[in-house]
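Following: one structure in structure tokens, then a few remarks.
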Amino acid sequence: MTLKITDANYDREVELANQLVIIFFWEEQCGPCRILSSVIEELANDYKGSIQAGKLKVCNLNLDENPETASTFDFKSLPRVLFFINGSVVFEHAGIISKAELAKNIGYYQPIADKLISEREQ
């Protein structure tokens, strides 16, 4: 299950997070968003161990319900998936993306996130 990000919890859950954060940005009327939603949920289930260990957050953010955050990003197309480390975007993808491609990017960015977060905490 993904974590619901809102305007109210964005800073705490993303900007101040001590792990790799993946956010799936979507809107109600977006057909491709509905397709990608199931991929994101499967991904969250596949990485349940990493999520429970505090190494990864898989989140979703409904842009219709969160106008403040929506205006920050001003996306021209959806769906959109962003990876964050220490509150900064390190990967961005617009459109449909496969679970395998997402897993490949987690494999690449997870060690980087672990190293940077470890250095920040020292």
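Identifiers in the structure tokens: chain A, B, ... in order shown; residue index from 1 per chain; ligand index from 1 in order shown.
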Just the residues within 12 Å of Gln110 in chain A, please, counting only C-alpha atoms, with nothing from its chain fewer than 4 positions along; format it as a PyMOL selection string. chain A and resi 18-22+47+50-51+54-57+83-85+90-91+102-106+114-117
Residues within 9 Å of Thr69 in chain A, only C-alpha atoms, excluding chain neighbours under 3 positions, as a VMD selection string: chain A and resid 6 to 7 10 61 63 66 72 to 74
Spatial neighbours of Asn9 in chain A, max dist 12 Å, only C-alpha atoms, sep filter under 3 positions, as number ranges by chain: A: 3-6, 12-17, 59, 61, 66, 68-69
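Within chain A, DSSP run on the backbone puts these residues in strand (DSSP E or B): Leu3, Lys4, Leu20, Val21, Ile22, Ile23, Phe24, Phe25, Trp26, Leu56, Lys57, Val58, Cys59, Asn60, Leu61, Asn62, Arg80, Val81, Leu82, Phe83, Phe84, Ile85, Ser88, Val89, Val90, Phe91, Glu92, His93 and Ala94 of chain A.
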Now that the selection is made, can you save its residues with C-alpha atoms as a JSON list (two decimals), in the first residue's frame?
```json
[["chain", "number", "residue", "atom", "x", "y", "z"],
["A", 3, "LEU", "CA", 1.46, 6.39, 1.49],
["A", 4, "LYS", "CA", -0.93, 9.23, 0.64],
["A", 20, "LEU", "CA", 14.49, 7.25, -0.91],
["A", 21, "VAL", "CA", 10.99, 8.60, -1.62],
["A", 22, "ILE", "CA", 9.03, 7.70, -4.74],
["A", 23, "ILE", "CA", 5.91, 9.71, -5.52],
["A", 24, "PHE", "CA", 3.32, 8.86, -8.14],
["A", 25, "PHE", "CA", 1.51, 12.08, -9.14],
["A", 26, "TRP", "CA", -1.95, 11.64, -10.62],
["A", 56, "LEU", "CA", 12.06, 3.44, 1.03],
["A", 57, "LYS", "CA", 8.72, 5.25, 0.78],
["A", 58, "VAL", "CA", 6.34, 4.60, -2.10],
["A", 59, "CYS", "CA", 3.73, 7.35, -2.18],
["A", 60, "ASN", "CA", 0.91, 8.79, -4.24],
["A", 61, "LEU", "CA", -0.28, 12.37, -4.54],
["A", 62, "ASN", "CA", -3.62, 13.35, -6.07],
["A", 80, "ARG", "CA", 4.42, 11.45, -13.35],
["A", 81, "VAL", "CA", 6.79, 9.52, -11.09],
["A", 82, "LEU", "CA", 9.54, 11.31, -9.17],
["A", 83, "PHE", "CA", 12.28, 9.91, -6.93],
["A", 84, "PHE", "CA", 13.53, 12.16, -4.11],
["A", 85, "ILE", "CA", 16.68, 11.97, -1.99],
["A", 88, "SER", "CA", 15.65, 16.82, -4.08],
["A", 89, "VAL", "CA", 14.37, 15.23, -7.28],
["A", 90, "VAL", "CA", 16.91, 12.73, -8.63],
["A", 91, "PHE", "CA", 14.73, 10.96, -11.21],
["A", 92, "GLU", "CA", 11.61, 11.94, -13.12],
["A", 93, "HIS", "CA", 9.46, 10.02, -15.58],
["A", 94, "ALA", "CA", 6.34, 11.22, -17.42]]
```
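Distances here use only C-alpha atoms; by that measure, the residue among A:Met1, A:Ile112, A:Ala44, A:Ile96 closest to Pro79 in chain A is A:Ile96.
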Which residues are near Val39 in chain A? Cut-off 10 Å, only C-alpha atoms, ignore same chain within fewer than 3 positions. Put them as a list in words. Cys33, Arg34, Ile35, Leu36, Glu42, Leu43, Ala44, Asn45, Ile96, Ile97, Ser98, Lys99, Ala100 and Leu102 of chain A
Test item, helix (DSSP H, G or I) assignment across chain A, answer as a PyMOL selection string: chain A and resi 10-15+31-46+48-52+67-73+99-121
